[in-house]
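Input: a single structure, listed below in structure tokens.
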Amino acid sequence: EGGSLLFQCGLVKRFLEACAANYWEKDDCEPDRVIVLYLTALARILLSNLRMLSNILPVVSSSGEVFGEEQLVSMYISKFQVAGNGAHGLLFQKLWAILLSSFVPPCEVSPVINNYALSRSKEIFSGIFSYILRNVNADGSNLLSYDVGYDGEEEDIIDTGADRYELLLQETSKKDAMATLSFKDC
């Protein structure tokens, strides 16, 4: 639902254009920390609807560079360690690992992405998956949700209080499939 809305509003295209600029190392590209957020949002969107890939890729820059399925997979692999920065990094990495595994056959998203994911399978499975398996607690207790924090002045309108906000975040993260899904379920 949310992914479709972001697609219809043109935000998914903007995310991909920013990723393409970063991939092609343009002077005015967003920094890696921003790209990680875009890639994470894209991962959530794609996991709910992998067929959306055919509607969003490729992106062609004004200078003619093409950012397609291979470049997207490559970007998830190359930015994996950057995604691990911060308290919420392990959750981002797990999300990315699940997305990357969804690109490997028998998934029938596209032959291009299937073949490219297979060609990078050693990095995906021996590197990324083994890292996640070594570092994520079996109960997911060390997967911290990304939040923007509580701004007392801004939130006074609702007046839920910081404690209620934190409780709401904890309850929501316990229901998040990314925090509860085991690789054994994949």
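Order determines the names: the first chain of the structure tokens is A, the second B, and so forth; residues in each chain are numbered 1 upward, and ligands are numbered 1 upward as they are shown.
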Exercise for review: Run DSSP on the backbone and grab whatever in range 38-94 of chain A lands in alpha helix (DSSP H); send it over as a ChimeraX atom specification.
Suggested key: /A:38-48,53-56,69-78,80-83,89-94
- Near range 18-35 of chain A, within 9 Å and counting only C-alpha atoms, which residues show up once chain neighbours fewer than 2 positions away are dropped, as a PyMOL selection string? chain A and resi 13-16+37-40+59-61+65-68+71-72+75+79+82-83+85
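Put simply, CA of Trp96 in chain A is 11.0 Å away from CA of Gln81 in chain A.
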